There are 2 protein chains.
Amino acid sequence: MENNVKNIKNATVSEFLENILLGDITYLSKAITLIESSKEKDFLKASKLLEACLPYANNSVRIGITGVPGVGKSTFIESFGTHLIKLKKRIAVLTIDPSSSITKGSILGDKTRMEKLTKEKNAFIRPSPTGNQLGGVAKKTKEAIVLCEAAGYDVIIIETVGVGQSETLVSSMVDFFLLLKLAGAGDELQGIKRGIMELTDAIIINKADNKNIKEAELARSEFESALHLYPLKDNSWRPKVITCSALKNIGIDQAWQIISDFVKMTKANGSFDENRTAQNKNWLLKTIDQQLKDNFYADLEVQTNLNRILQNVENNKISPFEAANELIEIYFKKKEEN
Amino acid sequence: MENNVKNIKNATVSEFLENILLGDITYLSKAITLIESSKEKDFLKASKLLEACLPYANNSVRIGITGVPGVGKSTFIESFGTHLIKLKKRIAVLTIDPSSSITKGSILGDKTRMEKLTKEKNAFIRPSPTGNQLGGVAKKTKEAIVLCEAAGYDVIIIETVGVGQSETLVSSMVDFFLLLKLAGAGDELQGIKRGIMELTDAIIINKADNKNIKEAELARSEFESALHLYPLKDNSWRPKVITCSALKNIGIDQAWQIISDFVKMTKANGSFDENRTAQNKNWLLKTIDQQLKDNFYADLEVQTNLNRILQNVENNKISPFEAANELIEIYFKKKEEN
């Protein structure tokens with residue numbers, strides 16, 4: 001390839017599109033950098049590029065993977081990805097790592113975690129975008145999915161660590177949500193984060209090898225009965241629980257089999273596409289909500305009055321509804337005066 | 001009392017306040033009717049009355065009670081209320097019944113369900129307000145709580161049937177959330193609505209009498225282990241599960257004991273007040289959000305373009321973020337032109 005980095009950066013939207021559709025990784029990387037950019041001038045170009053890519057997107061299976069640090073996410077993705085590549089799939093791994101924006105250090109680290117996969121020409125690995133707002137980070141990742149799909153990746157993995165709302169955000173942009181766990185010392189479920197079980201399509205107990213096998217099997221059966229306590233999702237999928245050893249490559253094929261079964265079933269009953277449409281509508285509504293709120297709370301008059309009114313609510317001098325009305329009036333009155 | 005209904009309706013805010021503080025049920029009823037009114041002219045008066053009542057509010061225990069039709073909510077509240085009245089408490093029962101606005105018929109019926117309690121002078125029973133929006137119905141109920149507290153009620157029960165988001169709304173205005181259940185034929189937890197376990201502070205298995213006792217006890221132990229699977233709430237309360245027979249008045253004292261323990265514990269660790277403050281802040285923020293959205297979606301230009309843009313999102317012609325930007329621009333541009 002004779003393009004150098006500088007040239008690509010200045011490529012036109014149609015040059016970007018053409019090369020992304022050819023699966024050119026350098027162009028893909030630069031395109032993701034473009035949508036991640038916070039520079040005003042990159043904005044319009046990024047949005048045109050996304051629009052151009054959209055007709056070629058949507059043909060992958062999007063898998064969310066979460067689990068606490070130490071559970072073996074990288075090792076799992078490495079084994080899982082290698083398995084998929086053997087099956088002639090092309091896979092992209094994106095991450096949403098809230099820690100990278102908060103602490104400037106990243107829990108999920110970078111590509112070097114997945115040494116084998118990094119060398120595969122059919123794998124594309126991209127670390128988490130940075131940003132001050134988790135919502136902004138998520139938006140960039142959702143847009144990166146579109147670019148990766150246009151570049152022909154069949155399986156997109158979105159990896160996250162369970163910080164803040166990152167799991168909810170990831171689950172709102174994937175078809176299948178996978179929770180990695182370790183077998184511990186009994187009562188596995190105590191440590192489960194609130195709300196996470198509802199998001200989960202499968203739980204995989206990792207590191208089920210050697211002396212851990214029995215414990216992992218126990219954990220598996222405990223999670224399985226726990227999942228039975230939850231109502232079925234609208235798509236009629238009953239979440240699965242299996243054990244695996246990502247290190248020893250045991251159970252990896254089974255994990256992919258489960259996801260394939262899920263895709264087959266949900267495509268047959270229509271819920272696969274319904275879910276994607278619903279996700280997009282949701283992102284639309286949420287983005288509007290967020291922008292309305294951003295605009296409201298950025299208003300100087302609102303800012304001047306907010307603390308006083310909040311304190312009146314706290315001291316029960318004013319009902320929250322009355323308080324809301326007062327602030328809303330301040331906001332819209334000013335708008336009308338302009 | 002020589003006031004007739006017509007006179008009370010025209011009473012001034014300070015006349016309302018004075019008589020509500022004296023515990024006059026007729027004034028209280030009329031005041032609730034006033035806050036429920038959708039007439040423009042009642043608005044200002046209702047809001048002044050609420051503001052006047054606020055300093056006298058906040059001294060009750062607010063209990064949310066939910067359960068499917070047939071679980072025995074009325075019978076439970078009747079027995080529970082009667083027990084409290086024996087303990088020298090004054091209790092108010094309010095309801096949030098989404099069905100009353102949707103079907104014009106109410107699942108929760110009216111006062112006649114609680115015949116004994118209706119006759120008690122220390123009990124005040126008020127059926128669900130009607131309204132097209134569940135949020136509006138909830139707002140009216142939250143405001144009615146303030147009036148009831150000003151009228152000196154020690155325990156406010158908010159009853160609901162689990163339709164739509166009604167349980168979440170009720171839990172956002174009470175101190176303690178109670179789920180009534182029946183023992184069924186094994187695997188009790190399958191029928192539990194998504195998210196409801198997280199809201200629950202206690203589960204009471206009703207109709208635990210005669211030949212049902214064994215089954216109820218089984219259900220109790222099943223729910224108890226299920227609740228252990230959930231992480232503790234921030235207030236450190238571990239949800240309790242008991243059996244009772246509202247009809248035979250068995251276990252009713254225990255139910256109140258649990259709630260008293262809860263109040264004692266959360267008042268000691270500060271979470272009782274923290275929760276109320278957090279609830280009020282939440283209502284403030286949610287009300288602002290709702291009004292911003294109402295204003296946005298009521299905008300004619302937005303309405304004209306919304307369907308077209310939504311369809312473009314559905315057909316993957318435009319990303320949800322781009323779509324949001326387009327609508328937001330239409331909205332604010334118009335505002336600026338005015």
# chains A, B, ... in the order shown; residues from 1 in each chain; ligands from 1
>>> select_by_dssp(residues="region 93-242 of chain A", states="strand (DSSP E or B)", output="list in words")
Val93, Leu94, Thr95, Ile96, Ala123, Phe124, Ile125, Arg126, Val155, Ile156, Ile157, Ile158, Glu159, Thr160, Phe176, Phe177, Leu178, Leu179, Leu180, Lys181, Leu182, Ala202, Ile203, Ile204, Ile205, Asn206, Lys240, Val241 and Ile242 of chain A
>>> write_last_selection(atoms="N, CA and C atoms", output="PDB file, in the first residue's frame")
ATOM      1  N   VAL A  93     -12.860  -6.219  17.076  1.00  0.00           N
ATOM      2  CA  VAL A  93     -13.015  -6.094  18.527  1.00  0.00           C
ATOM      3  C   VAL A  93     -12.930  -4.619  18.904  1.00  0.00           C
ATOM      4  N   LEU A  94     -14.024  -4.093  19.408  1.00  0.00           N
ATOM      5  CA  LEU A  94     -14.038  -2.704  19.879  1.00  0.00           C
ATOM      6  C   LEU A  94     -14.224  -2.737  21.394  1.00  0.00           C
ATOM      7  N   THR A  95     -13.816  -1.677  22.061  1.00  0.00           N
ATOM      8  CA  THR A  95     -14.004  -1.675  23.512  1.00  0.00           C
ATOM      9  C   THR A  95     -14.646  -0.381  23.989  1.00  0.00           C
ATOM     10  N   ILE A  96     -15.406  -0.505  25.067  1.00  0.00           N
ATOM     11  CA  ILE A  96     -15.901   0.682  25.775  1.00  0.00           C
ATOM     12  C   ILE A  96     -15.337   0.592  27.176  1.00  0.00           C
ATOM     13  N   ALA A 123      -8.559 -10.125  11.653  1.00  0.00           N
ATOM     14  CA  ALA A 123      -9.028  -9.553  12.924  1.00  0.00           C
ATOM     15  C   ALA A 123      -8.644  -8.084  12.986  1.00  0.00           C
ATOM     16  N   PHE A 124      -9.555  -7.276  13.487  1.00  0.00           N
ATOM     17  CA  PHE A 124      -9.288  -5.846  13.642  1.00  0.00           C
ATOM     18  C   PHE A 124      -9.560  -5.481  15.100  1.00  0.00           C
ATOM     19  N   ILE A 125      -8.559  -4.963  15.767  1.00  0.00           N
ATOM     20  CA  ILE A 125      -8.716  -4.652  17.197  1.00  0.00           C
ATOM     21  C   ILE A 125      -8.507  -3.170  17.422  1.00  0.00           C
ATOM     22  N   ARG A 126      -9.437  -2.569  18.097  1.00  0.00           N
ATOM     23  CA  ARG A 126      -9.390  -1.118  18.285  1.00  0.00           C
ATOM     24  C   ARG A 126      -9.664  -0.800  19.756  1.00  0.00           C
ATOM     25  N   VAL A 155     -18.314 -10.537  12.486  1.00  0.00           N
ATOM     26  CA  VAL A 155     -18.603 -10.574  13.917  1.00  0.00           C
ATOM     27  C   VAL A 155     -17.947  -9.365  14.562  1.00  0.00           C
ATOM     28  N   ILE A 156     -18.747  -8.582  15.269  1.00  0.00           N
ATOM     29  CA  ILE A 156     -18.197  -7.418  15.971  1.00  0.00           C
ATOM     30  C   ILE A 156     -18.317  -7.697  17.464  1.00  0.00           C
ATOM     31  N   ILE A 157     -17.215  -7.669  18.138  1.00  0.00           N
ATOM     32  CA  ILE A 157     -17.226  -7.869  19.589  1.00  0.00           C
ATOM     33  C   ILE A 157     -17.046  -6.522  20.273  1.00  0.00           C
ATOM     34  N   ILE A 158     -17.955  -6.199  21.173  1.00  0.00           N
ATOM     35  CA  ILE A 158     -17.794  -4.983  21.971  1.00  0.00           C
ATOM     36  C   ILE A 158     -17.485  -5.431  23.386  1.00  0.00           C
ATOM     37  N   GLU A 159     -16.282  -5.122  23.805  1.00  0.00           N
ATOM     38  CA  GLU A 159     -15.832  -5.562  25.112  1.00  0.00           C
ATOM     39  C   GLU A 159     -15.994  -4.414  26.107  1.00  0.00           C
ATOM     40  N   THR A 160     -16.416  -4.735  27.313  1.00  0.00           N
ATOM     41  CA  THR A 160     -16.427  -3.685  28.335  1.00  0.00           C
ATOM     42  C   THR A 160     -16.138  -4.288  29.687  1.00  0.00           C
ATOM     43  N   PHE A 176     -26.258  -9.760  21.056  1.00  0.00           N
ATOM     44  CA  PHE A 176     -26.089 -10.822  22.048  1.00  0.00           C
ATOM     45  C   PHE A 176     -25.162 -10.322  23.144  1.00  0.00           C
ATOM     46  N   PHE A 177     -25.568 -10.538  24.392  1.00  0.00           N
ATOM     47  CA  PHE A 177     -24.767 -10.012  25.500  1.00  0.00           C
ATOM     48  C   PHE A 177     -24.261 -11.162  26.375  1.00  0.00           C
ATOM     49  N   LEU A 178     -22.955 -11.193  26.534  1.00  0.00           N
ATOM     50  CA  LEU A 178     -22.274 -12.315  27.170  1.00  0.00           C
ATOM     51  C   LEU A 178     -21.611 -11.852  28.460  1.00  0.00           C
ATOM     52  N   LEU A 179     -21.864 -12.590  29.542  1.00  0.00           N
ATOM     53  CA  LEU A 179     -21.228 -12.256  30.816  1.00  0.00           C
ATOM     54  C   LEU A 179     -20.203 -13.325  31.157  1.00  0.00           C
ATOM     55  N   LEU A 180     -18.957 -12.927  31.332  1.00  0.00           N
ATOM     56  CA  LEU A 180     -17.915 -13.862  31.758  1.00  0.00           C
ATOM     57  C   LEU A 180     -17.799 -13.821  33.280  1.00  0.00           C
ATOM     58  N   LYS A 181     -17.737 -15.007  33.882  1.00  0.00           N
ATOM     59  CA  LYS A 181     -17.610 -15.083  35.333  1.00  0.00           C
ATOM     60  C   LYS A 181     -16.526 -16.081  35.711  1.00  0.00           C
ATOM     61  N   LEU A 182     -16.097 -16.001  36.948  1.00  0.00           N
ATOM     62  CA  LEU A 182     -15.211 -17.021  37.500  1.00  0.00           C
ATOM     63  C   LEU A 182     -15.980 -17.778  38.569  1.00  0.00           C
ATOM     64  N   ALA A 202     -26.073 -15.052  27.784  1.00  0.00           N
ATOM     65  CA  ALA A 202     -25.338 -16.247  28.190  1.00  0.00           C
ATOM     66  C   ALA A 202     -24.315 -15.875  29.249  1.00  0.00           C
ATOM     67  N   ILE A 203     -24.116 -16.801  30.182  1.00  0.00           N
ATOM     68  CA  ILE A 203     -23.058 -16.642  31.179  1.00  0.00           C
ATOM     69  C   ILE A 203     -22.028 -17.734  30.911  1.00  0.00           C
ATOM     70  N   ILE A 204     -20.776 -17.328  30.843  1.00  0.00           N
ATOM     71  CA  ILE A 204     -19.725 -18.316  30.640  1.00  0.00           C
ATOM     72  C   ILE A 204     -18.787 -18.280  31.839  1.00  0.00           C
ATOM     73  N   ILE A 205     -18.670 -19.425  32.517  1.00  0.00           N
ATOM     74  CA  ILE A 205     -17.758 -19.510  33.658  1.00  0.00           C
ATOM     75  C   ILE A 205     -16.396 -19.882  33.107  1.00  0.00           C
ATOM     76  N   ASN A 206     -15.486 -18.948  33.145  1.00  0.00           N
ATOM     77  CA  ASN A 206     -14.156 -19.145  32.560  1.00  0.00           C
ATOM     78  C   ASN A 206     -13.212 -19.819  33.560  1.00  0.00           C
ATOM     79  N   LYS A 240     -28.327 -19.032  28.383  1.00  0.00           N
ATOM     80  CA  LYS A 240     -27.582 -20.274  28.605  1.00  0.00           C
ATOM     81  C   LYS A 240     -26.415 -20.041  29.556  1.00  0.00           C
ATOM     82  N   VAL A 241     -26.009 -21.095  30.240  1.00  0.00           N
ATOM     83  CA  VAL A 241     -24.825 -21.022  31.099  1.00  0.00           C
ATOM     84  C   VAL A 241     -23.898 -22.185  30.757  1.00  0.00           C
ATOM     85  N   ILE A 242     -22.650 -21.887  30.446  1.00  0.00           N
ATOM     86  CA  ILE A 242     -21.683 -22.962  30.199  1.00  0.00           C
ATOM     87  C   ILE A 242     -20.370 -22.651  30.913  1.00  0.00           C
TER      88      ILE A 242
END
>>> closest_atom_pairs(of="chain B", to="chain A", cutoff="8 Å", atoms="only C-alpha atoms", output="JSON lines")
{"residue": "B:Ser47", "atom": "CA", "partner": "A:Glu322", "partner_atom": "CA", "distance": 7.3}
{"residue": "B:Leu50", "atom": "CA", "partner": "A:Ser319", "partner_atom": "CA", "distance": 7.6}
{"residue": "B:Glu51", "atom": "CA", "partner": "A:Ile318", "partner_atom": "CA", "distance": 5.9}
{"residue": "B:Leu54", "atom": "CA", "partner": "A:Asn316", "partner_atom": "CA", "distance": 6.2}
{"residue": "B:Pro55", "atom": "CA", "partner": "A:Asn316", "partner_atom": "CA", "distance": 6.7}
{"residue": "B:Lys139", "atom": "CA", "partner": "A:Phe321", "partner_atom": "CA", "distance": 8.0}
{"residue": "B:Leu189", "atom": "CA", "partner": "A:Leu229", "partner_atom": "CA", "distance": 5.1}
{"residue": "B:Gln190", "atom": "CA", "partner": "A:Leu229", "partner_atom": "CA", "distance": 5.4}
{"residue": "B:Gly191", "atom": "CA", "partner": "A:Pro231", "partner_atom": "CA", "distance": 6.8}
{"residue": "B:Ile192", "atom": "CA", "partner": "A:Pro231", "partner_atom": "CA", "distance": 6.8}
{"residue": "B:Lys193", "atom": "CA", "partner": "A:Pro231", "partner_atom": "CA", "distance": 6.9}
{"residue": "B:Arg194", "atom": "CA", "partner": "A:Pro231", "partner_atom": "CA", "distance": 6.5}
{"residue": "B:Gly195", "atom": "CA", "partner": "A:Gly195", "partner_atom": "CA", "distance": 7.9}
{"residue": "B:Ala226", "atom": "CA", "partner": "A:Leu229", "partner_atom": "CA", "distance": 7.6}
{"residue": "B:His228", "atom": "CA", "partner": "A:Gln190", "partner_atom": "CA", "distance": 7.1}
{"residue": "B:Leu229", "atom": "CA", "partner": "A:Leu189", "partner_atom": "CA", "distance": 5.2}
{"residue": "B:Tyr230", "atom": "CA", "partner": "A:Gln190", "partner_atom": "CA", "distance": 6.3}
{"residue": "B:Pro231", "atom": "CA", "partner": "A:Gln190", "partner_atom": "CA", "distance": 5.9}
{"residue": "B:Thr277", "atom": "CA", "partner": "A:Glu314", "partner_atom": "CA", "distance": 5.8}
{"residue": "B:Asn280", "atom": "CA", "partner": "A:Pro320", "partner_atom": "CA", "distance": 5.7}
{"residue": "B:Lys281", "atom": "CA", "partner": "A:Pro320", "partner_atom": "CA", "distance": 6.8}
{"residue": "B:Trp283", "atom": "CA", "partner": "A:Pro320", "partner_atom": "CA", "distance": 5.9}
{"residue": "B:Leu284", "atom": "CA", "partner": "A:Pro320", "partner_atom": "CA", "distance": 4.5}
{"residue": "B:Leu285", "atom": "CA", "partner": "A:Ala324", "partner_atom": "CA", "distance": 7.3}
{"residue": "B:Thr287", "atom": "CA", "partner": "A:Ala324", "partner_atom": "CA", "distance": 6.0}
{"residue": "B:Ile288", "atom": "CA", "partner": "A:Ala324", "partner_atom": "CA", "distance": 5.4}
{"residue": "B:Asp289", "atom": "CA", "partner": "A:Lys293", "partner_atom": "CA", "distance": 6.9}
{"residue": "B:Gln291", "atom": "CA", "partner": "A:Ile328", "partner_atom": "CA", "distance": 7.6}
{"residue": "B:Leu292", "atom": "CA", "partner": "A:Leu292", "partner_atom": "CA", "distance": 6.6}
{"residue": "B:Lys293", "atom": "CA", "partner": "A:Asp289", "partner_atom": "CA", "distance": 6.9}
{"residue": "B:Leu310", "atom": "CA", "partner": "A:Lys281", "partner_atom": "CA", "distance": 7.3}
{"residue": "B:Val313", "atom": "CA", "partner": "A:Asn280", "partner_atom": "CA", "distance": 6.9}
{"residue": "B:Glu314", "atom": "CA", "partner": "A:Thr277", "partner_atom": "CA", "distance": 5.8}
{"residue": "B:Asn316", "atom": "CA", "partner": "A:Leu54", "partner_atom": "CA", "distance": 6.1}
{"residue": "B:Lys317", "atom": "CA", "partner": "A:Leu54", "partner_atom": "CA", "distance": 6.4}
{"residue": "B:Ile318", "atom": "CA", "partner": "A:Glu51", "partner_atom": "CA", "distance": 5.8}
{"residue": "B:Ser319", "atom": "CA", "partner": "A:Glu51", "partner_atom": "CA", "distance": 7.0}
{"residue": "B:Pro320", "atom": "CA", "partner": "A:Leu284", "partner_atom": "CA", "distance": 4.5}
{"residue": "B:Phe321", "atom": "CA", "partner": "A:Leu284", "partner_atom": "CA", "distance": 6.0}
{"residue": "B:Glu322", "atom": "CA", "partner": "A:Ser47", "partner_atom": "CA", "distance": 7.2}
{"residue": "B:Ala323", "atom": "CA", "partner": "A:Leu284", "partner_atom": "CA", "distance": 6.7}
{"residue": "B:Ala324", "atom": "CA", "partner": "A:Ile288", "partner_atom": "CA", "distance": 5.4}
{"residue": "B:Asn325", "atom": "CA", "partner": "A:Ile288", "partner_atom": "CA", "distance": 7.6}
{"residue": "B:Leu327", "atom": "CA", "partner": "A:Ile288", "partner_atom": "CA", "distance": 7.9}
{"residue": "B:Ile328", "atom": "CA", "partner": "A:Ile288", "partner_atom": "CA", "distance": 6.8}
{"residue": "B:Lys335", "atom": "CA", "partner": "A:Lys335", "partner_atom": "CA", "distance": 7.0}
{"residue": "B:Glu336", "atom": "CA", "partner": "A:Asn338", "partner_atom": "CA", "distance": 6.9}
{"residue": "B:Asn338", "atom": "CA", "partner": "A:Glu336", "partner_atom": "CA", "distance": 6.9}
